[in-house]
$ cat entry-v6.pdb   # PDB, C-alpha atoms
ATOM      1  CA  MET M   1      11.981 -97.991  80.070
ATOM      2  CA  GLN M   2       9.828-101.118  79.969
ATOM      3  CA  GLN M   3       6.182-100.588  79.130
ATOM      4  CA  SER M   4       3.531-102.719  80.816
ATOM      5  CA  LYS M   5       0.324-103.894  79.219
ATOM      6  CA  ARG M   6      -2.811-101.790  79.204
ATOM      7  CA  THR M   7      -5.142-102.642  82.100
ATOM      8  CA  ASN M   8      -8.399-100.936  81.094
ATOM      9  CA  TYR M   9      -9.368-103.368  78.324
ATOM     10  CA  ILE M  10     -12.829-104.919  78.084
ATOM     11  CA  ASN M  11     -13.526-108.460  79.309
ATOM     12  CA  TRP M  12     -14.835-111.294  77.115
ATOM     13  CA  ASP M  13     -18.484-110.731  78.079
ATOM     14  CA  GLU M  14     -18.240-107.038  77.233
ATOM     15  CA  TYR M  15     -16.461-107.815  73.961
ATOM     16  CA  PHE M  16     -19.028-110.330  72.719
ATOM     17  CA  MET M  17     -22.012-108.291  73.944
ATOM     18  CA  GLY M  18     -20.429-105.368  72.091
ATOM     19  CA  ILE M  19     -20.437-107.477  68.919
ATOM     20  CA  ALA M  20     -24.108-108.305  69.511
ATOM     21  CA  LEU M  21     -24.952-104.622  70.039
ATOM     22  CA  LEU M  22     -22.953-103.602  66.954
ATOM     23  CA  SER M  23     -24.812-106.271  64.931
ATOM     24  CA  ALA M  24     -28.094-104.731  66.107
ATOM     25  CA  LYS M  25     -27.133-101.537  64.290
ATOM     26  CA  ARG M  26     -27.803-103.425  61.013
ATOM     27  CA  SER M  27     -31.501-103.863  61.907
ATOM     28  CA  LYS M  28     -33.982-101.800  59.885
ATOM     29  CA  ASP M  29     -36.647-102.133  62.606
ATOM     30  CA  PRO M  30     -37.644 -98.599  63.612
ATOM     31  CA  ALA M  31     -38.707 -99.642  67.129
ATOM     32  CA  THR M  32     -36.373-102.384  68.352
ATOM     33  CA  GLN M  33     -32.875-103.283  67.216
ATOM     34  CA  VAL M  34     -31.541-106.556  68.619
ATOM     35  CA  GLY M  35     -28.283-108.326  67.841
ATOM     36  CA  ALA M  36     -26.818-111.679  68.805
ATOM     37  CA  CYS M  37     -23.359-113.240  68.748
ATOM     38  CA  ILE M  38     -22.561-116.954  69.138
ATOM     39  CA  VAL M  39     -19.196-117.949  70.588
ATOM     40  CA  ASN M  40     -17.553-121.350  70.975
ATOM     41  CA  GLU M  41     -15.592-122.696  73.962
ATOM     42  CA  LYS M  42     -12.384-121.134  72.602
ATOM     43  CA  ASN M  43     -13.901-117.612  72.531
ATOM     44  CA  LYS M  44     -14.171-117.646  68.742
ATOM     45  CA  ILE M  45     -17.185-116.025  67.098
ATOM     46  CA  VAL M  46     -19.073-118.640  65.091
ATOM     47  CA  GLY M  47     -22.265-116.735  64.269
ATOM     48  CA  ALA M  48     -23.897-113.322  64.437
ATOM     49  CA  GLY M  49     -27.270-111.891  63.523
ATOM     50  CA  TYR M  50     -29.794-109.143  64.022
ATOM     51  CA  ASN M  51     -33.573-108.836  63.761
ATOM     52  CA  GLY M  52     -34.736-108.327  60.197
ATOM     53  CA  MET M  53     -36.593-109.710  57.221
ATOM     54  CA  PRO M  54     -35.566-113.085  55.808
ATOM     55  CA  ILE M  55     -33.236-113.094  52.808
ATOM     56  CA  GLY M  56     -35.257-112.423  49.670
ATOM     57  CA  CYS M  57     -37.954-110.460  51.518
ATOM     58  CA  SER M  58     -37.389-106.764  50.908
ATOM     59  CA  ASP M  59     -37.564-104.705  54.073
ATOM     60  CA  ASP M  60     -39.209-102.013  51.934
ATOM     61  CA  GLU M  61     -42.104-104.308  50.970
ATOM     62  CA  PHE M  62     -43.069-105.646  54.392
ATOM     63  CA  PRO M  63     -44.618-103.732  57.294
ATOM     64  CA  TRP M  64     -42.740-102.512  60.366
ATOM     65  CA  ALA M  65     -45.786-101.624  62.491
ATOM     66  CA  LYS M  66     -46.038-102.903  66.077
ATOM     67  CA  THR M  67     -49.822-102.784  66.326
ATOM     68  CA  GLY M  68     -52.790-103.447  64.074
ATOM     69  CA  ASP M  69     -53.975-106.391  62.026
ATOM     70  CA  MET M  70     -51.400-109.197  62.454
ATOM     71  CA  LEU M  71     -50.542-109.318  58.741
ATOM     72  CA  GLN M  72     -49.940-105.569  58.728
ATOM     73  CA  THR M  73     -47.377-105.764  61.561
ATOM     74  CA  LYS M  74     -43.760-106.894  61.566
ATOM     75  CA  TYR M  75     -44.355-109.898  63.821
ATOM     76  CA  PRO M  76     -45.204-112.636  61.311
ATOM     77  CA  TYR M  77     -42.268-111.645  59.083
ATOM     78  CA  VAL M  78     -39.238-110.570  61.113
ATOM     79  CA  CYS M  79     -36.573-113.127  61.925
ATOM     80  CA  HIS M  80     -35.173-112.530  65.425
ATOM     81  CA  ALA M  81     -31.478-111.916  66.062
ATOM     82  CA  GLU M  82     -30.899-115.198  67.901
ATOM     83  CA  LEU M  83     -32.421-117.294  65.120
ATOM     84  CA  ASN M  84     -30.477-115.325  62.512
ATOM     85  CA  ALA M  85     -27.234-115.904  64.428
ATOM     86  CA  ILE M  86     -27.960-119.654  64.545
ATOM     87  CA  LEU M  87     -28.834-119.752  60.831
ATOM     88  CA  ASN M  88     -25.841-117.554  59.937
ATOM     89  CA  ASN M  89     -23.312-119.674  61.817
ATOM     90  CA  ILE M  90     -20.121-120.620  60.008
ATOM     91  CA  GLY M  91     -21.296-124.187  59.453
ATOM     92  CA  ILE M  92     -20.192-125.844  62.675
ATOM     93  CA  ASP M  93     -22.008-127.784  65.352
ATOM     94  CA  LEU M  94     -23.142-125.270  67.982
ATOM     95  CA  HIS M  95     -23.195-127.750  70.877
ATOM     96  CA  GLY M  96     -21.448-126.204  73.873
ATOM     97  CA  CYS M  97     -21.511-122.672  72.456
ATOM     98  CA  ARG M  98     -22.898-119.615  74.193
ATOM     99  CA  ILE M  99     -25.001-116.830  72.724
ATOM    100  CA  TYR M 100     -24.848-113.153  73.621
ATOM    101  CA  THR M 101     -28.040-111.221  72.954
ATOM    102  CA  ALA M 102     -29.389-107.778  73.765
ATOM    103  CA  LEU M 103     -32.798-109.128  74.877
ATOM    104  CA  PHE M 104     -33.651-112.322  76.733
ATOM    105  CA  PRO M 105     -34.822-114.721  73.994
ATOM    106  CA  CYS M 106     -38.500-115.198  73.223
ATOM    107  CA  ASN M 107     -40.019-118.684  73.343
ATOM    108  CA  GLU M 108     -39.494-119.244  69.599
ATOM    109  CA  CYS M 109     -35.797-118.347  69.801
ATOM    110  CA  ALA M 110     -35.450-120.431  72.971
ATOM    111  CA  LYS M 111     -36.599-123.475  70.974
ATOM    112  CA  ALA M 112     -33.962-122.813  68.313
ATOM    113  CA  ILE M 113     -31.273-122.245  70.961
ATOM    114  CA  ILE M 114     -32.145-125.526  72.684
ATOM    115  CA  GLN M 115     -32.292-127.462  69.400
ATOM    116  CA  SER M 116     -28.953-126.062  68.232
ATOM    117  CA  GLY M 117     -27.138-127.255  71.367
ATOM    118  CA  ILE M 118     -26.170-123.817  72.693
ATOM    119  CA  THR M 119     -25.622-124.231  76.430
ATOM    120  CA  GLU M 120     -25.502-120.660  77.757
ATOM    121  CA  ILE M 121     -27.302-117.382  77.084
ATOM    122  CA  ILE M 122     -25.835-114.056  78.186
ATOM    123  CA  TYR M 123     -28.332-111.223  77.830
ATOM    124  CA  LEU M 124     -28.408-107.489  78.484
ATOM    125  CA  SER M 125     -32.108-106.844  79.123
ATOM    126  CA  ASP M 126     -35.060-108.886  80.305
ATOM    127  CA  LYS M 127     -37.595-106.067  79.964
ATOM    128  CA  TYR M 128     -40.303-108.521  78.847
ATOM    129  CA  TYR M 129     -39.913-110.741  81.945
ATOM    130  CA  ALA M 130     -43.648-110.597  82.761
ATOM    131  CA  THR M 131     -44.814-111.782  79.322
ATOM    132  CA  ASP M 132     -46.038-115.276  78.524
ATOM    133  CA  SER M 133     -43.286-115.600  75.911
ATOM    134  CA  PHE M 134     -40.582-114.916  78.533
ATOM    135  CA  ILE M 135     -42.165-117.310  81.037
ATOM    136  CA  ALA M 136     -42.447-120.083  78.417
ATOM    137  CA  SER M 137     -38.882-119.429  77.267
ATOM    138  CA  LYS M 138     -37.492-119.643  80.787
ATOM    139  CA  MET M 139     -39.473-122.826  81.489
ATOM    140  CA  MET M 140     -38.099-124.556  78.369
ATOM    141  CA  LEU M 141     -34.534-123.373  78.975
ATOM    142  CA  ASP M 142     -34.651-124.592  82.586
ATOM    143  CA  LYS M 143     -35.996-128.023  81.580
ATOM    144  CA  ALA M 144     -33.413-128.342  78.793
ATOM    145  CA  GLY M 145     -30.539-127.368  81.099
ATOM    146  CA  VAL M 146     -29.564-124.217  79.189
ATOM    147  CA  ASN M 147     -27.925-121.714  81.527
ATOM    148  CA  TYR M 148     -28.656-118.015  81.280
ATOM    149  CA  ARG M 149     -27.367-114.950  83.029
ATOM    150  CA  LYS M 150     -27.640-111.211  82.793
ATOM    151  CA  ILE M 151     -24.349-109.564  81.850
ATOM    152  CA  GLN M 152     -22.682-107.498  84.567
ATOM    153  CA  PRO M 153     -20.663-104.957  82.573
ATOM    154  CA  THR M 154     -17.960-102.890  84.228
ATOM    155  CA  LEU M 155     -18.628 -99.972  81.836
ATOM    156  CA  GLN M 156     -21.703 -98.082  80.687
ATOM    157  CA  LYS M 157     -20.700 -97.740  77.042
ATOM    158  CA  ILE M 158     -18.024 -98.462  74.468
ATOM    159  CA  GLU M 159     -17.319 -95.789  71.877
ATOM    160  CA  LEU M 160     -16.185 -96.601  68.342
ATOM    161  CA  SER M 161     -14.594 -94.157  65.943
ATOM    162  CA  PHE M 162     -13.935 -94.318  62.210
ATOM    163  CA  ASN M 163     -11.475 -91.430  62.483
ATOM    164  CA  GLU M 164      -8.064 -92.600  61.231
ATOM    165  CA  GLY M 165      -6.322 -90.447  63.816
ATOM    166  CA  ASP M 166      -7.887 -92.487  66.633
ATOM    167  CA  VAL M 167      -6.219 -95.748  65.549
TER
END
$ encode --input "entry-v6.pdb" --output "structure tokens"
Amino acid sequence: MQQSKRTNYINWDEYFMGIALLSAKRSKDPATQVGACIVNEKNKIVGAGYNGMPIGCSDDEFPWAKTGDMLQTKYPYVCHAELNAILNNIGIDLHGCRIYTALFPCNECAKAIIQSGITEIIYLSDKYYATDSFIASKMMLDKAGVNYRKIQPTLQKIELSFNEGDV
């Protein structure tokens, strides 16, 4: 009896967004965990990152607060997932690549995306769409010709298991 291929596999967008979401699980941020995954034209992963402190800055020695005096919050210290993915790339030119990210990029990450040559952003959530940062980001991306789109997944979740019997 000939066996045919499995038909319920995930598509490329779901796969790469899954990598971004899995990367987010590395974040120590107690409030928001964001991941990003950069992919080239051949569907090869060339960079990944998550929001966290820069290398050499202990995440035990810097604040994680969302409100209060600026220097006592996470905001001046945390490196966003998109910037980390760009900085963590495997050493290739990112022109023509696309980036998958859990949140629509802020204006600072949009600058880095534009400068790096990434041409498409695929995001899961745009929950900050009414903020000045989102508006500025969108304006810059539009002017620079960077495409962006919200992912349209065919599933609600992907489950992973470390149980040997599930392999």
$ closest_atom_pairs --input "entry-v6.pdb" --of "range 84-105 of chain M" --to "range 23-36 of chain M" --cutoff "12 Å" --atoms "only C-alpha atoms" --output "JSON lines"
{"residue": "M:Asn84", "atom": "CA", "partner": "M:Ala36", "partner_atom": "CA", "distance": 8.1}
{"residue": "M:Ala85", "atom": "CA", "partner": "M:Ala36", "partner_atom": "CA", "distance": 6.1}
{"residue": "M:Ile86", "atom": "CA", "partner": "M:Ala36", "partner_atom": "CA", "distance": 9.1}
{"residue": "M:Leu87", "atom": "CA", "partner": "M:Ala36", "partner_atom": "CA", "distance": 11.5}
{"residue": "M:Asn88", "atom": "CA", "partner": "M:Ala36", "partner_atom": "CA", "distance": 10.7}
{"residue": "M:Asn89", "atom": "CA", "partner": "M:Ala36", "partner_atom": "CA", "distance": 11.2}
{"residue": "M:Arg98", "atom": "CA", "partner": "M:Ala36", "partner_atom": "CA", "distance": 10.4}
{"residue": "M:Ile99", "atom": "CA", "partner": "M:Ala36", "partner_atom": "CA", "distance": 6.7}
{"residue": "M:Tyr100", "atom": "CA", "partner": "M:Ala36", "partner_atom": "CA", "distance": 5.4}
{"residue": "M:Thr101", "atom": "CA", "partner": "M:Ala36", "partner_atom": "CA", "distance": 4.3}
{"residue": "M:Ala102", "atom": "CA", "partner": "M:Val34", "partner_atom": "CA", "distance": 5.7}
{"residue": "M:Leu103", "atom": "CA", "partner": "M:Val34", "partner_atom": "CA", "distance": 6.9}
{"residue": "M:Phe104", "atom": "CA", "partner": "M:Val34", "partner_atom": "CA", "distance": 10.2}
{"residue": "M:Pro105", "atom": "CA", "partner": "M:Ala36", "partner_atom": "CA", "distance": 10.0}
$ resolve_selection --input "entry-v6.pdb" --expression "the PyMOL selection byres ((chain M and resi 122) around 7)" --output "VMD selection string"
chain M and resid 99 to 101 120 to 121 123 148 to 151
$ atom_distance --input "entry-v6.pdb" --atom1 "CA of Thr119 in chain M" --atom2 "CA of Tyr9 in chain M"
26.5 Å
$ atom_distance --input "entry-v6.pdb" --atom1 "CA of Asp126 in chain M" --atom2 "CA of Leu83 in chain M"
17.6 Å
$ closest_residue --input "entry-v6.pdb" --among "M:Asp13, M:Glu82, M:Asp142, M:Asp93" --to "Gly52 in chain M" --atoms "only C-alpha atoms"
M:Glu82
$ closest_residue --input "entry-v6.pdb" --among "M:Ala110, M:Leu155, M:Leu124, M:Leu22" --to "Ile10 in chain M" --atoms "all atoms listed in the file"
M:Leu155
$ atom_distance --input "entry-v6.pdb" --atom1 "CA of Pro153 in chain M" --atom2 "CA of Ser137 in chain M"
23.9 Å
$ residues_near_point --input "entry-v6.pdb" --point "(-39.1, -117.6, 65.1)" --cutoff "7 Å" --atoms "only C-alpha atoms" --output "list in words"
Cys79, His80, Leu83, Glu108 and Cys109 of chain M
$ residues_around --input "entry-v6.pdb" --residues "Pro63 in chain M" --least-positions-apart "2" --cutoff "7 Å" --atoms "only C-alpha atoms" --output "MDAnalysis selection string"
chainID M and resid 61 65 72:74
$ write_last_selection --input "entry-v6.pdb" --atoms "C-alpha atoms" --output "PDB file, in the coordinates of the input"
ATOM      1  CA  GLU M  61     -42.104-104.308  50.970  1.00  0.00           C
ATOM      2  CA  ALA M  65     -45.786-101.624  62.491  1.00  0.00           C
ATOM      3  CA  GLN M  72     -49.940-105.569  58.728  1.00  0.00           C
ATOM      4  CA  THR M  73     -47.377-105.764  61.561  1.00  0.00           C
ATOM      5  CA  LYS M  74     -43.760-106.894  61.566  1.00  0.00           C
TER       6      LYS M  74
END
$ closest_residue --input "entry-v6.pdb" --among "M:Ala48, M:Cys97, M:Ala20, M:Cys106" --to "Lys127 in chain M" --atoms "all atoms listed in the file"
M:Cys106
$ resolve_selection --input "entry-v6.pdb" --expression "the PyMOL selection byres ((chain M and resi 95) around 10)" --output "list of chain:residue names"
M:Asn40, M:Glu41, M:Ile92, M:Asp93, M:Leu94, M:Gly96, M:Cys97, M:Arg98, M:Ile113, M:Ile114, M:Gln115, M:Ser116, M:Gly117, M:Ile118, M:Thr119
$ closest_residue --input "entry-v6.pdb" --among "M:Ile19, M:Met53, M:Lys111, M:Thr131" --to "Lys143 in chain M" --atoms "all atoms listed in the file"
M:Lys111
$ axis_aligned_box --input "entry-v6.pdb" --around "range 92-95 of chain M" --padding-each-side "8 Å" --output "AutoDock Vina command-line options"
--center_x -21.7 --center_y -126.5 --center_z 66.8 --size_x 19.0 --size_y 18.5 --size_z 24.2
$ resolve_selection --input "entry-v6.pdb" --expression "the PyMOL selection byres ((chain M and resi 46) around 6)" --output "PyMOL selection string"
chain M and resi 38-39+45+47+89-90
$ write_last_selection --input "entry-v6.pdb" --atoms "C-alpha atoms" --output "PDB file, keeping the file's coordinate frame"
ATOM      1  CA  ILE M  38     -22.561-116.954  69.138  1.00  0.00           C
ATOM      2  CA  VAL M  39     -19.196-117.949  70.588  1.00  0.00           C
ATOM      3  CA  ILE M  45     -17.185-116.025  67.098  1.00  0.00           C
ATOM      4  CA  GLY M  47     -22.265-116.735  64.269  1.00  0.00           C
ATOM      5  CA  ASN M  89     -23.312-119.674  61.817  1.00  0.00           C
ATOM      6  CA  ILE M  90     -20.121-120.620  60.008  1.00  0.00           C
TER       7      ILE M  90
END
$ decode --input "entry-v6.pdb" --residues "range 112-148 of chain M" --atoms "N, CA and C atoms" --output "mmCIF file, in the first residue's frame"
data_model
loop_
_atom_site.group_PDB
_atom_site.id
_atom_site.type_symbol
_atom_site.label_atom_id
_atom_site.label_comp_id
_atom_site.auth_asym_id
_atom_site.auth_seq_id
_atom_site.Cartn_x
_atom_site.Cartn_y
_atom_site.Cartn_z
ATOM 1 N N ALA M 112 15.879 50.417 12.201
ATOM 2 C CA ALA M 112 16.872 49.357 12.017
ATOM 3 C C ALA M 112 16.463 48.417 10.883
ATOM 4 N N ILE M 113 15.187 48.108 10.777
ATOM 5 C CA ILE M 113 14.687 47.247 9.706
ATOM 6 C C ILE M 113 14.939 47.901 8.353
ATOM 7 N N ILE M 114 14.615 49.180 8.250
ATOM 8 C CA ILE M 114 14.821 49.914 6.992
ATOM 9 C C ILE M 114 16.308 49.951 6.648
ATOM 10 N N GLN M 115 17.147 50.320 7.620
ATOM 11 C CA GLN M 115 18.581 50.426 7.379
ATOM 12 C C GLN M 115 19.213 49.095 6.998
ATOM 13 N N SER M 116 18.686 48.000 7.522
ATOM 14 C CA SER M 116 19.274 46.688 7.246
ATOM 15 C C SER M 116 18.914 46.164 5.862
ATOM 16 N N GLY M 117 17.885 46.732 5.237
ATOM 17 C CA GLY M 117 17.478 46.278 3.907
ATOM 18 C C GLY M 117 16.371 45.241 3.901
ATOM 19 N N ILE M 118 15.836 44.912 5.069
ATOM 20 C CA ILE M 118 14.699 43.982 5.140
ATOM 21 C C ILE M 118 13.536 44.606 4.380
ATOM 22 N N THR M 119 12.861 43.816 3.554
ATOM 23 C CA THR M 119 11.827 44.371 2.682
ATOM 24 C C THR M 119 10.398 44.012 3.067
ATOM 25 N N GLU M 120 10.225 43.088 4.032
ATOM 26 C CA GLU M 120 8.869 42.731 4.439
ATOM 27 C C GLU M 120 8.828 42.379 5.917
ATOM 28 N N ILE M 121 7.762 42.826 6.569
ATOM 29 C CA ILE M 121 7.503 42.523 7.978
ATOM 30 C C ILE M 121 6.205 41.731 8.043
ATOM 31 N N ILE M 122 6.242 40.604 8.736
ATOM 32 C CA ILE M 122 5.036 39.818 8.992
ATOM 33 C C ILE M 122 4.877 39.822 10.506
ATOM 34 N N TYR M 123 3.745 40.322 10.980
ATOM 35 C CA TYR M 123 3.544 40.479 12.416
ATOM 36 C C TYR M 123 2.262 39.779 12.858
ATOM 37 N N LEU M 124 2.200 39.487 14.154
ATOM 38 C CA LEU M 124 1.044 38.808 14.726
ATOM 39 C C LEU M 124 0.058 39.791 15.335
ATOM 40 N N SER M 125 0.559 40.806 16.040
ATOM 41 C CA SER M 125 -0.309 41.750 16.735
ATOM 42 C C SER M 125 0.108 43.186 16.445
ATOM 43 N N ASP M 126 -0.884 44.042 16.335
ATOM 44 C CA ASP M 126 -0.631 45.479 16.215
ATOM 45 C C ASP M 126 -1.393 46.213 17.319
ATOM 46 N N LYS M 127 -1.346 45.653 18.532
ATOM 47 C CA LYS M 127 -2.133 46.181 19.640
ATOM 48 C C LYS M 127 -1.776 47.611 20.027
ATOM 49 N N TYR M 128 -0.652 48.126 19.572
ATOM 50 C CA TYR M 128 -0.266 49.508 19.873
ATOM 51 C C TYR M 128 -0.516 50.440 18.691
ATOM 52 N N TYR M 129 -1.446 50.080 17.807
ATOM 53 C CA TYR M 129 -1.682 50.814 16.561
ATOM 54 C C TYR M 129 -2.017 52.294 16.762
ATOM 55 N N ALA M 130 -2.537 52.673 17.913
ATOM 56 C CA ALA M 130 -2.929 54.063 18.149
ATOM 57 C C ALA M 130 -1.806 54.905 18.759
ATOM 58 N N THR M 131 -0.649 54.303 19.016
ATOM 59 C CA THR M 131 0.441 55.045 19.655
ATOM 60 C C THR M 131 1.254 55.833 18.637
ATOM 61 N N ASP M 132 1.914 56.876 19.118
ATOM 62 C CA ASP M 132 2.770 57.679 18.247
ATOM 63 C C ASP M 132 3.889 56.835 17.646
ATOM 64 N N SER M 133 4.430 55.906 18.433
ATOM 65 C CA SER M 133 5.502 55.042 17.942
ATOM 66 C C SER M 133 5.041 54.217 16.741
ATOM 67 N N PHE M 134 3.841 53.653 16.823
ATOM 68 C CA PHE M 134 3.281 52.858 15.718
ATOM 69 C C PHE M 134 3.067 53.743 14.487
ATOM 70 N N ILE M 135 2.492 54.915 14.706
ATOM 71 C CA ILE M 135 2.203 55.826 13.589
ATOM 72 C C ILE M 135 3.496 56.249 12.899
ATOM 73 N N ALA M 136 4.523 56.594 13.696
ATOM 74 C CA ALA M 136 5.819 56.983 13.124
ATOM 75 C C ALA M 136 6.445 55.811 12.380
ATOM 76 N N SER M 137 6.359 54.622 12.976
ATOM 77 C CA SER M 137 6.914 53.425 12.349
ATOM 78 C C SER M 137 6.274 53.192 10.985
ATOM 79 N N LYS M 138 4.956 53.204 10.961
ATOM 80 C CA LYS M 138 4.230 52.960 9.713
ATOM 81 C C LYS M 138 4.580 54.011 8.663
ATOM 82 N N MET M 139 4.692 55.267 9.083
ATOM 83 C CA MET M 139 5.032 56.344 8.147
ATOM 84 C C MET M 139 6.408 56.098 7.514
ATOM 85 N N MET M 140 7.397 55.743 8.345
ATOM 86 C CA MET M 140 8.744 55.489 7.820
ATOM 87 C C MET M 140 8.765 54.263 6.912
ATOM 88 N N LEU M 141 8.104 53.198 7.333
ATOM 89 C CA LEU M 141 8.079 51.974 6.526
ATOM 90 C C LEU M 141 7.422 52.225 5.171
ATOM 91 N N ASP M 142 6.328 52.974 5.161
ATOM 92 C CA ASP M 142 5.645 53.304 3.909
ATOM 93 C C ASP M 142 6.561 54.108 2.979
ATOM 94 N N LYS M 143 7.214 55.122 3.526
ATOM 95 C CA LYS M 143 8.101 55.973 2.712
ATOM 96 C C LYS M 143 9.295 55.190 2.183
ATOM 97 N N ALA M 144 9.784 54.234 2.981
ATOM 98 C CA ALA M 144 10.956 53.448 2.585
ATOM 99 C C ALA M 144 10.591 52.258 1.694
ATOM 100 N N GLY M 145 9.298 52.021 1.501
ATOM 101 C CA GLY M 145 8.874 50.921 0.635
ATOM 102 C C GLY M 145 8.981 49.536 1.275
ATOM 103 N N VAL M 146 8.958 49.483 2.613
ATOM 104 C CA VAL M 146 8.979 48.199 3.302
ATOM 105 C C VAL M 146 7.535 47.714 3.441
ATOM 106 N N ASN M 147 7.261 46.537 2.934
ATOM 107 C CA ASN M 147 5.916 45.970 3.029
ATOM 108 C C ASN M 147 5.696 45.367 4.404
ATOM 109 N N TYR M 148 4.463 45.366 4.842
ATOM 110 C CA TYR M 148 4.111 44.718 6.103
ATOM 111 C C TYR M 148 2.710 44.148 5.993
#
